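Asks: Okay, here's the structure, questions in a sec.
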Amino acid sequence: MQTDWKVKLMKAPLYKEIYHFICEQIQSGILNTGDRIPSEQELALQFNVSRITSKRALDILAEQGVILRLQGKGSFVQSPHKLGIRPIGCHQRKPAAERKQKLLGLIVPDISDTFGMDLFVGFEGACSRQNINFMFRRSYGSLELENEAIASMLAAGVDGIGIMPLHGESYSPAILQLLLEKFPVVIIDRCYPGVSSCFIGTDNLESSKTATRYLLKNGHRNIAFLSPPVQSNSALDGRIQGMTLAYEEMGLRPDRSLWFDQISSTLPQKNKSETIEANVHILKEHFKNNPQITAVFAAEYNVALIAKKALEGLSLKIPQDVSILCFDFPSRLDNDYEFTHIKQNEVYIAEYAVDRLCHFQAHNACSFFLIPGKLRIGRSTKAIALENH
């Protein structure tokens, strides 16, 4: 009788073994809401089966609503309730009855007078005008600190959170959990493709097209796009797409060999003098190896500063030899020199986020709102004759 039982077990479909394994991981609390499930390939190797088999197990869990599958991102625990269990490890929240006044939170990687300060001022101002209490935290580019900020705000009983997610290839499990639970969250600046969320940010694609068109119409063809490492960052993705489309609209093609995306010193916790100098040095080499460059499109203001320093280190003048255009510019900089730049409307973005959080409803939690940036002409760009390059 025991042998018959073993035979029956061996003949059970292999995908069920994977299915039950994942269910047990969720039921035991090893995997919680928002946690990433091993990939089809990882499960196939672990259970020594084909990817077709592991895919079937994940497909069934997705159909049952237990997990959420996101193209190019992976699978995440979505609803342990579907297995008849209570989610383990959920954030503890202060009961609404104990809160006498509405409380909203804002979490950003960092703030500066280039980008972030006006966002902070706009968010706080909107809260103040509506007699709303306000909490603020910086994550400093750390996923751990971002998670701690979310936990502390929930423990304080916030009614909603505006979050600017970190750069990175993967989604934050803490943010994903809030979204899956329909907690009032507004994602700012960097959206989560494939996940239902309320998003507000700059229309980077159209803004970048506007900036690139300006350079192209002024005779520039060999434009170097400079940026931090391009990860899963919707802001940079949009700026790259916008630049490419601007070329295509004029029947041209950008020379991507002139682009450079390894400016690490602008990232949180990387802004150190030795890192900046290293970036200046490598950009000097890039410019020396590509003397045909007539304009720089910097994805951020601090990238523009590094490019300016590198060019001046090569005895090149701006804009006489090379023009520079960038996103953002310090609004409080006491300096008559101004880069030609795209100005993002941070105050409006912040005010919109507060409005959405105050009127948040689960059925309209999924919305996507883009604010156009404005091109402001400074002293760092000039027109050139096409025959000059």
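Convention: chains lettered A, B, ... in structure tokens order; per-chain residue numbering from 1; ligands numbered from 1 as shown.
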Could you list, as a short mmCIF file (atom, residue, chain, number, x, y, z; two decimals) with N, CA, C and O atoms, in the first residue's frame, every residue within 9 Å of Lys343 of chain A, counting only C-alpha atoms and ignoring same-chain residues fewer than 5 positions away?

Replies:
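Okay, this is what ended up in result.cif:
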```cif
data_model
loop_
_atom_site.label_atom_id
_atom_site.label_comp_id
_atom_site.auth_asym_id
_atom_site.auth_seq_id
_atom_site.Cartn_x
_atom_site.Cartn_y
_atom_site.Cartn_z
N PHE A 327 18.82 69.43 -18.05
CA PHE A 327 17.58 69.46 -17.29
C PHE A 327 17.88 70.12 -15.95
O PHE A 327 18.88 69.81 -15.31
N ASP A 328 17.03 71.05 -15.55
CA ASP A 328 17.08 71.70 -14.25
C ASP A 328 18.21 72.72 -14.14
O ASP A 328 19.22 72.65 -14.84
N PHE A 329 17.99 73.66 -13.22
CA PHE A 329 18.98 74.69 -12.92
C PHE A 329 18.61 75.26 -11.55
O PHE A 329 17.43 75.46 -11.26
N GLY A 373 7.68 70.27 -19.20
CA GLY A 373 8.74 71.15 -18.74
C GLY A 373 8.88 72.33 -19.70
O GLY A 373 8.39 72.27 -20.84
N LYS A 374 9.54 73.39 -19.26
CA LYS A 374 9.71 74.58 -20.11
C LYS A 374 11.18 74.78 -20.45
O LYS A 374 12.05 74.67 -19.59
N LEU A 375 11.44 75.09 -21.72
CA LEU A 375 12.80 75.38 -22.16
C LEU A 375 13.14 76.83 -21.85
O LEU A 375 12.43 77.74 -22.27
N ARG A 376 14.22 77.03 -21.12
CA ARG A 376 14.68 78.37 -20.81
C ARG A 376 16.07 78.56 -21.42
O ARG A 376 16.98 77.77 -21.16
#
```

Asks: Do a neighbour search on Pro330 of chain A at 9 Å with only C-alpha atoms, toss out local chain neighbours closer than 4 positions, and write the hits as a ChimeraX atom specification.

Replies: /A:112-115,301

Asks: Between A:Asn222, A:Leu314, A:Thr381, A:Glu24, which is the closest to Leu252 of chain A once you count only C-alpha atoms?

Replies: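 Among the listed residues, the smallest separation from Leu252 of chain A belongs to A:Asn222.
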
Asks: Would you please extract all strand (DSSP E) residues from segment 29-164 of chain A, as assigned by DSSP on the backbone, and give them as a PDB file with N, CA and C atoms, in the first residue's frame?

Replies:
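Saved as states_12.pdb:
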```
ATOM      1  N   ARG A  36       9.408  39.138  -4.118  1.00  0.00           N
ATOM      2  CA  ARG A  36       9.620  38.574  -5.451  1.00  0.00           C
ATOM      3  C   ARG A  36       9.661  37.051  -5.382  1.00  0.00           C
ATOM      4  N   ILE A  37       8.957  36.408  -6.323  1.00  0.00           N
ATOM      5  CA  ILE A  37       8.969  34.951  -6.455  1.00  0.00           C
ATOM      6  C   ILE A  37      10.176  34.562  -7.322  1.00  0.00           C
ATOM      7  N   ILE A  67      -0.225  35.663  -7.081  1.00  0.00           N
ATOM      8  CA  ILE A  67       0.969  36.412  -7.458  1.00  0.00           C
ATOM      9  C   ILE A  67       0.647  37.360  -8.608  1.00  0.00           C
ATOM     10  N   LEU A  68       1.509  38.347  -8.777  1.00  0.00           N
ATOM     11  CA  LEU A  68       1.391  39.315  -9.871  1.00  0.00           C
ATOM     12  C   LEU A  68       2.616  39.167 -10.750  1.00  0.00           C
ATOM     13  N   ARG A  69       2.421  38.936 -12.058  1.00  0.00           N
ATOM     14  CA  ARG A  69       3.530  38.770 -12.993  1.00  0.00           C
ATOM     15  C   ARG A  69       3.697  40.051 -13.793  1.00  0.00           C
ATOM     16  N   LEU A  70       4.917  40.603 -13.774  1.00  0.00           N
ATOM     17  CA  LEU A  70       5.210  41.844 -14.475  1.00  0.00           C
ATOM     18  C   LEU A  70       6.262  41.594 -15.545  1.00  0.00           C
ATOM     19  N   GLY A  74       9.514  40.292 -13.205  1.00  0.00           N
ATOM     20  CA  GLY A  74       9.399  39.107 -12.378  1.00  0.00           C
ATOM     21  C   GLY A  74       8.000  38.929 -11.821  1.00  0.00           C
ATOM     22  N   SER A  75       7.896  38.031 -10.849  1.00  0.00           N
ATOM     23  CA  SER A  75       6.617  37.729 -10.214  1.00  0.00           C
ATOM     24  C   SER A  75       6.686  38.095  -8.741  1.00  0.00           C
ATOM     25  N   PHE A  76       5.574  38.626  -8.212  1.00  0.00           N
ATOM     26  CA  PHE A  76       5.543  39.091  -6.831  1.00  0.00           C
ATOM     27  C   PHE A  76       4.293  38.570  -6.131  1.00  0.00           C
ATOM     28  N   VAL A  77       4.422  38.326  -4.822  1.00  0.00           N
ATOM     29  CA  VAL A  77       3.269  37.917  -4.030  1.00  0.00           C
ATOM     30  C   VAL A  77       2.262  39.058  -4.036  1.00  0.00           C
ATOM     31  N   LEU A 103      -2.839  63.422   7.968  1.00  0.00           N
ATOM     32  CA  LEU A 103      -1.373  63.396   7.965  1.00  0.00           C
ATOM     33  C   LEU A 103      -0.877  62.781   6.659  1.00  0.00           C
ATOM     34  N   LEU A 104      -0.036  63.498   5.928  1.00  0.00           N
ATOM     35  CA  LEU A 104       0.537  63.005   4.678  1.00  0.00           C
ATOM     36  C   LEU A 104       2.054  62.954   4.790  1.00  0.00           C
ATOM     37  N   GLY A 105       2.655  62.021   4.064  1.00  0.00           N
ATOM     38  CA  GLY A 105       4.103  61.869   4.082  1.00  0.00           C
ATOM     39  C   GLY A 105       4.709  62.051   2.703  1.00  0.00           C
ATOM     40  N   LEU A 106       5.961  62.485   2.684  1.00  0.00           N
ATOM     41  CA  LEU A 106       6.713  62.623   1.435  1.00  0.00           C
ATOM     42  C   LEU A 106       8.076  61.976   1.631  1.00  0.00           C
ATOM     43  N   ILE A 107       8.443  61.059   0.715  1.00  0.00           N
ATOM     44  CA  ILE A 107       9.740  60.383   0.754  1.00  0.00           C
ATOM     45  C   ILE A 107      10.447  60.596  -0.572  1.00  0.00           C
ATOM     46  N   VAL A 108      11.662  61.118  -0.527  1.00  0.00           N
ATOM     47  CA  VAL A 108      12.463  61.338  -1.741  1.00  0.00           C
ATOM     48  C   VAL A 108      13.885  60.848  -1.476  1.00  0.00           C
ATOM     49  N   ASN A 133      -1.205  67.841   8.493  1.00  0.00           N
ATOM     50  CA  ASN A 133       0.118  67.596   9.051  1.00  0.00           C
ATOM     51  C   ASN A 133       1.007  66.937   8.007  1.00  0.00           C
ATOM     52  N   PHE A 134       2.313  67.132   8.138  1.00  0.00           N
ATOM     53  CA  PHE A 134       3.245  66.747   7.082  1.00  0.00           C
ATOM     54  C   PHE A 134       4.468  66.053   7.671  1.00  0.00           C
ATOM     55  N   MET A 135       4.800  64.883   7.126  1.00  0.00           N
ATOM     56  CA  MET A 135       6.015  64.157   7.499  1.00  0.00           C
ATOM     57  C   MET A 135       6.931  64.089   6.290  1.00  0.00           C
ATOM     58  N   PHE A 136       8.233  64.178   6.539  1.00  0.00           N
ATOM     59  CA  PHE A 136       9.188  64.144   5.430  1.00  0.00           C
ATOM     60  C   PHE A 136      10.375  63.257   5.788  1.00  0.00           C
ATOM     61  N   ARG A 137      10.802  62.440   4.843  1.00  0.00           N
ATOM     62  CA  ARG A 137      11.977  61.593   5.023  1.00  0.00           C
ATOM     63  C   ARG A 137      12.777  61.543   3.722  1.00  0.00           C
ATOM     64  N   ARG A 138      14.097  61.407   3.863  1.00  0.00           N
ATOM     65  CA  ARG A 138      14.975  61.171   2.716  1.00  0.00           C
ATOM     66  C   ARG A 138      15.530  59.757   2.790  1.00  0.00           C
ATOM     67  N   GLY A 160      -1.682  58.983   3.661  1.00  0.00           N
ATOM     68  CA  GLY A 160      -1.199  58.794   2.300  1.00  0.00           C
ATOM     69  C   GLY A 160       0.262  59.199   2.215  1.00  0.00           C
ATOM     70  N   ILE A 161       0.953  58.684   1.201  1.00  0.00           N
ATOM     71  CA  ILE A 161       2.383  58.954   1.041  1.00  0.00           C
ATOM     72  C   ILE A 161       2.695  59.295  -0.417  1.00  0.00           C
ATOM     73  N   GLY A 162       3.441  60.364  -0.620  1.00  0.00           N
ATOM     74  CA  GLY A 162       4.023  60.662  -1.923  1.00  0.00           C
ATOM     75  C   GLY A 162       5.441  60.131  -1.918  1.00  0.00           C
ATOM     76  N   ILE A 163       5.799  59.302  -2.889  1.00  0.00           N
ATOM     77  CA  ILE A 163       7.113  58.656  -2.904  1.00  0.00           C
ATOM     78  C   ILE A 163       7.799  58.846  -4.242  1.00  0.00           C
TER      79      ILE A 163
END
```

Asks: Have a look at A:Asp261, A:Val66, A:Asn48, A:Arg379 and name the one nearest to Gln27 of chain A; count only C-alpha atoms.

Replies: A:Val66

Asks: Could you find all residues in segment 85-224 of chain A that DSSP calls helix (DSSP H, G or I) from the backbone, and write them as a PyMOL selection string?

Replies: chain A and resi 96-98+117-129+143-156+173-180+204-217

Asks: Nearest to Ile240 of chain A: which of A:Ile293, A:Ile26, A:Leu205, A:Ile18 is it, counting only C-alpha atoms?

Replies: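 Residue with the minimum atom-to-atom distance to Ile240 of chain A: A:Leu205.
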
Asks: Given only C-alpha atoms as the basis, pick out the residue of A:Gln320, A:Ser367, A:Ser273, A:Asn345 nearest to Lys382 of chain A.

Replies: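 So, comparing all the options, the nearest one is A:Gln320.
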
Asks: Go through A:Val322, A:Cys358, A:Asp255, A:Leu386 one by one, measure the shortest atom-to-atom distance of each to Val185 of chain A using only C-alpha atoms, and give the residue with the smallest value.

Replies: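 Ranking A:Val322, A:Cys358, A:Asp255, A:Leu386 by distance to Val185 of chain A, first place goes to A:Cys358.
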
Asks: I want to know what sits within 9 Å of Arg253 of chain A, based on only C-alpha atoms, with residues of the same chain fewer than 5 positions away left out; could you give that as a list of chain:residue names?

Replies: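 Those residues are A:Arg221, A:Thr244, A:Tyr247, A:Glu248.
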
Asks: Do a neighbour search on segment 119-132 of chain A at 6 Å with only C-alpha atoms, toss out local chain neighbours closer than 4 positions, and write the hits as a PyMOL selection string.

Replies: chain A and resi 102-103+346-347+350-351
